[in-house]
Amino acid sequence: MTASNTRIALVTGATRGLGLETVRQLASEGLHVLLAGRDHPRAVAAALPFKADGLSVDAIELDVTNADSIRKAAQEVADKYGHLDVLVNNAGVFIDDFSLPPSQQSLRTWRETFDTNLFGVIATTQAFLPLLRAAPAARIVNVSSLLGSLTSHTDPASPIFDFKMPAYDASKSALNAWTVHLAHELRDTAIKVNAVHPGSVKTDMNSQGELDVQTGARTSVEMALLGADGPNGGFHHLGEVLPW
Ligand code: NAP
């Protein structure tokens, strides 16, 4: 049972990496957090240590590429809570072939990347939007990447100038565009929508990452807990605004 004034958050792709840590930090802030994973037993197992630590965390099954799974998850949240205060669209894949130049990445790679990193976010957000509208002041956090920044990709001085993984990069550029469009649509509501760059964080996705997950999850958590005077429709990293 959660108290009627407890905020409810849902984090997608939370079975490991940044999503798992985002769950921990949001639950530590007193929210009831739904740890969403595409494999229910793994989500349940991931939630157990948090529960043992006294944090308010429950597992929920949600595959962002499966319409039926998204619909069932939204129905479960509707039935149990009737609203959702925070949606962190964290699930993502990075499957470009490092040995190939941009022109030779397979269409299969492009499609699978966009299915998760863009269409999965849009489908999940569409399904949960009625529940987010039912909350007093919901927050939507889209976990993007500096690799989605076209300004940085075209700046020879940028650290990512020579790092071109087109399917992943373009999926995050498109996610940024979706963020701007949804934030504009919702600008006269209490809902805020922002994109974040976690940093280069050491996870299964990025073995070369420089930051730990505790630091990497901080921007998602900051955007999830924004006050009424916080930004809407921006691209953020650890207190800085990034160029699109
Ligand atoms: P990770 O360790 O590879 O974790 C990715 C998570 O996404 C896993 O929990 C995975 O679930 C989940 N996932 C993948 N496809 C899914 C689907 N169809 N439905 C539901 N969940 C799915 O990656 P990470 O580094 O934590 O990345 C988290 C987010 O941060 C991603 O959006 C990534 O693009 C972004 N990001 C990461 C970095 C970095 O340096 N690490 C930098 C910039 C942005 P399974 O366990 O079931 O596979």
# chains A, B, ... in the order shown; residues from 1 in each chain; ligands from 1
>>> select_by_dssp(residues="region 138-173 of chain A", states="helix (DSSP H, G or I)", output="PyMOL selection string")
chain A and resi 146-148+150-153+166-173
>>> residues_around(residues="Gly233 (chain A)", least_positions_apart="4", cutoff="9 Å", atoms="only C-alpha atoms", output="list in words")
Asn176, Thr179, Val180, His181, Leu182, Ala183, His184, Arg187, Lys192, Val193, Asn194 and Ala195 of chain A
>>> residues_around(residues="Asp79 (chain A)", least_positions_apart="6", cutoff="12 Å", atoms="only C-alpha atoms", output="list in words")
Lys72, Ala73 and Leu131 of chain A
>>> select_by_dssp(residues="region 151-242 of chain A", states="strand (DSSP E)", output="PyMOL selection string")
chain A and resi 192-196+235-237+240-241
>>> closest_atom_pairs(of="chain A", to="ligand 1", cutoff="9 Å", atoms="only C-alpha atoms and all ligand atoms", output="JSON lines")
{"residue": "A:Thr12", "atom": "CA", "partner": "ligand 1", "partner_atom_place_in_ligand_line": "21 (N)", "distance": 5.8}
{"residue": "A:Gly13", "atom": "CA", "partner": "ligand 1", "partner_atom_place_in_ligand_line": "12 (C)", "distance": 3.6}
{"residue": "A:Ala14", "atom": "CA", "partner": "ligand 1", "partner_atom_place_in_ligand_line": "9 (O)", "distance": 4.6}
{"residue": "A:Thr15", "atom": "CA", "partner": "ligand 1", "partner_atom_place_in_ligand_line": "9 (O)", "distance": 4.2}
{"residue": "A:Arg16", "atom": "CA", "partner": "ligand 1", "partner_atom_place_in_ligand_line": "9 (O)", "distance": 4.6}
{"residue": "A:Gly17", "atom": "CA", "partner": "ligand 1", "partner_atom_place_in_ligand_line": "26 (O)", "distance": 3.5}
{"residue": "A:Leu18", "atom": "CA", "partner": "ligand 1", "partner_atom_place_in_ligand_line": "26 (O)", "distance": 3.7}
{"residue": "A:Gly19", "atom": "CA", "partner": "ligand 1", "partner_atom_place_in_ligand_line": "26 (O)", "distance": 5.6}
{"residue": "A:Leu20", "atom": "CA", "partner": "ligand 1", "partner_atom_place_in_ligand_line": "9 (O)", "distance": 7.4}
{"residue": "A:Glu21", "atom": "CA", "partner": "ligand 1", "partner_atom_place_in_ligand_line": "26 (O)", "distance": 8.6}
{"residue": "A:Ala36", "atom": "CA", "partner": "ligand 1", "partner_atom_place_in_ligand_line": "20 (C)", "distance": 7.2}
{"residue": "A:Gly37", "atom": "CA", "partner": "ligand 1", "partner_atom_place_in_ligand_line": "20 (C)", "distance": 5.3}
{"residue": "A:Arg38", "atom": "CA", "partner": "ligand 1", "partner_atom_place_in_ligand_line": "20 (C)", "distance": 4.6}
{"residue": "A:Asp39", "atom": "CA", "partner": "ligand 1", "partner_atom_place_in_ligand_line": "47 (O)", "distance": 5.9}
{"residue": "A:Arg42", "atom": "CA", "partner": "ligand 1", "partner_atom_place_in_ligand_line": "47 (O)", "distance": 7.8}
{"residue": "A:Ala43", "atom": "CA", "partner": "ligand 1", "partner_atom_place_in_ligand_line": "47 (O)", "distance": 8.5}
{"residue": "A:Glu61", "atom": "CA", "partner": "ligand 1", "partner_atom_place_in_ligand_line": "20 (C)", "distance": 8.4}
{"residue": "A:Leu62", "atom": "CA", "partner": "ligand 1", "partner_atom_place_in_ligand_line": "20 (C)", "distance": 5.8}
{"residue": "A:Asp63", "atom": "CA", "partner": "ligand 1", "partner_atom_place_in_ligand_line": "19 (N)", "distance": 3.5}
{"residue": "A:Val64", "atom": "CA", "partner": "ligand 1", "partner_atom_place_in_ligand_line": "19 (N)", "distance": 4.1}
{"residue": "A:Thr65", "atom": "CA", "partner": "ligand 1", "partner_atom_place_in_ligand_line": "18 (N)", "distance": 4.8}
{"residue": "A:Asn66", "atom": "CA", "partner": "ligand 1", "partner_atom_place_in_ligand_line": "18 (N)", "distance": 7.4}
{"residue": "A:Asn89", "atom": "CA", "partner": "ligand 1", "partner_atom_place_in_ligand_line": "32 (O)", "distance": 7.4}
{"residue": "A:Asn90", "atom": "CA", "partner": "ligand 1", "partner_atom_place_in_ligand_line": "32 (O)", "distance": 4.6}
{"residue": "A:Ala91", "atom": "CA", "partner": "ligand 1", "partner_atom_place_in_ligand_line": "7 (O)", "distance": 3.7}
{"residue": "A:Gly92", "atom": "CA", "partner": "ligand 1", "partner_atom_place_in_ligand_line": "32 (O)", "distance": 3.6}
{"residue": "A:Val93", "atom": "CA", "partner": "ligand 1", "partner_atom_place_in_ligand_line": "14 (C)", "distance": 5.4}
{"residue": "A:Phe94", "atom": "CA", "partner": "ligand 1", "partner_atom_place_in_ligand_line": "34 (O)", "distance": 6.6}
{"residue": "A:Asp115", "atom": "CA", "partner": "ligand 1", "partner_atom_place_in_ligand_line": "18 (N)", "distance": 8.0}
{"residue": "A:Thr116", "atom": "CA", "partner": "ligand 1", "partner_atom_place_in_ligand_line": "18 (N)", "distance": 5.4}
{"residue": "A:Asn117", "atom": "CA", "partner": "ligand 1", "partner_atom_place_in_ligand_line": "32 (O)", "distance": 6.7}
{"residue": "A:Gly120", "atom": "CA", "partner": "ligand 1", "partner_atom_place_in_ligand_line": "18 (N)", "distance": 7.2}
{"residue": "A:Asn142", "atom": "CA", "partner": "ligand 1", "partner_atom_place_in_ligand_line": "32 (O)", "distance": 8.1}
{"residue": "A:Val143", "atom": "CA", "partner": "ligand 1", "partner_atom_place_in_ligand_line": "32 (O)", "distance": 5.1}
{"residue": "A:Ser144", "atom": "CA", "partner": "ligand 1", "partner_atom_place_in_ligand_line": "44 (C)", "distance": 5.4}
{"residue": "A:Ser145", "atom": "CA", "partner": "ligand 1", "partner_atom_place_in_ligand_line": "43 (C)", "distance": 4.1}
{"residue": "A:Leu146", "atom": "CA", "partner": "ligand 1", "partner_atom_place_in_ligand_line": "43 (C)", "distance": 6.5}
{"residue": "A:Leu147", "atom": "CA", "partner": "ligand 1", "partner_atom_place_in_ligand_line": "43 (C)", "distance": 7.3}
{"residue": "A:Tyr168", "atom": "CA", "partner": "ligand 1", "partner_atom_place_in_ligand_line": "34 (O)", "distance": 7.8}
{"residue": "A:Lys172", "atom": "CA", "partner": "ligand 1", "partner_atom_place_in_ligand_line": "34 (O)", "distance": 7.7}
{"residue": "A:Val196", "atom": "CA", "partner": "ligand 1", "partner_atom_place_in_ligand_line": "44 (C)", "distance": 8.1}
{"residue": "A:His197", "atom": "CA", "partner": "ligand 1", "partner_atom_place_in_ligand_line": "43 (C)", "distance": 5.5}
{"residue": "A:Pro198", "atom": "CA", "partner": "ligand 1", "partner_atom_place_in_ligand_line": "43 (C)", "distance": 5.3}
{"residue": "A:Gly199", "atom": "CA", "partner": "ligand 1", "partner_atom_place_in_ligand_line": "42 (C)", "distance": 5.3}
{"residue": "A:Ser200", "atom": "CA", "partner": "ligand 1", "partner_atom_place_in_ligand_line": "40 (O)", "distance": 3.6}
{"residue": "A:Val201", "atom": "CA", "partner": "ligand 1", "partner_atom_place_in_ligand_line": "40 (O)", "distance": 3.7}
{"residue": "A:Lys202", "atom": "CA", "partner": "ligand 1", "partner_atom_place_in_ligand_line": "41 (N)", "distance": 5.7}
{"residue": "A:Thr203", "atom": "CA", "partner": "ligand 1", "partner_atom_place_in_ligand_line": "25 (O)", "distance": 4.8}
{"residue": "A:Asp204", "atom": "CA", "partner": "ligand 1", "partner_atom_place_in_ligand_line": "2 (O)", "distance": 4.3}
{"residue": "A:Met205", "atom": "CA", "partner": "ligand 1", "partner_atom_place_in_ligand_line": "3 (O)", "distance": 4.0}
{"residue": "A:Asn206", "atom": "CA", "partner": "ligand 1", "partner_atom_place_in_ligand_line": "41 (N)", "distance": 4.9}
{"residue": "A:Ser207", "atom": "CA", "partner": "ligand 1", "partner_atom_place_in_ligand_line": "41 (N)", "distance": 8.0}
{"residue": "A:Gln208", "atom": "CA", "partner": "ligand 1", "partner_atom_place_in_ligand_line": "40 (O)", "distance": 8.0}
{"residue": "A:Gly209", "atom": "CA", "partner": "ligand 1", "partner_atom_place_in_ligand_line": "40 (O)", "distance": 5.4}
{"residue": "A:Glu210", "atom": "CA", "partner": "ligand 1", "partner_atom_place_in_ligand_line": "40 (O)", "distance": 8.0}
{"residue": "A:Leu211", "atom": "CA", "partner": "ligand 1", "partner_atom_place_in_ligand_line": "40 (O)", "distance": 7.9}
{"residue": "A:Val213", "atom": "CA", "partner": "ligand 1", "partner_atom_place_in_ligand_line": "26 (O)", "distance": 8.0}
{"residue": "A:Gly216", "atom": "CA", "partner": "ligand 1", "partner_atom_place_in_ligand_line": "39 (C)", "distance": 7.7}
{"residue": "A:Ala217", "atom": "CA", "partner": "ligand 1", "partner_atom_place_in_ligand_line": "30 (O)", "distance": 8.7}
>>> atom_distance(atom1="CA of Ala52 (chain A)", atom2="CA of Thr2 (chain A)")
16.6 Å
>>> residues_around(residues="Ser152 (chain A)", least_positions_apart="6", cutoff="7 Å", atoms="only C-alpha atoms", output="JSON, numbers by chain")
{"A": [158, 160, 161]}
>>> residues_around(residues="Gln75 (chain A)", least_positions_apart="6", cutoff="10 Å", atoms="only C-alpha atoms", output="PyMOL selection string")
chain A and resi 69+81-82+127-128+131
>>> closest_residue(among="A:Pro231, A:His236, A:Ala224, A:Leu100", to="Ser149 (chain A)", atoms="only C-alpha atoms")
A:His236
>>> residues_around(residues="Lys51 (chain A)", least_positions_apart="5", cutoff="12 Å", atoms="only C-alpha atoms", output="ChimeraX atom specification")
/A:23-24,27-28,32-35,44-46,56-59
>>> closest_residue(among="A:Met165, A:Val11, A:Val221, A:Val141", to="Phe235 (chain A)", atoms="only C-alpha atoms")
A:Val141
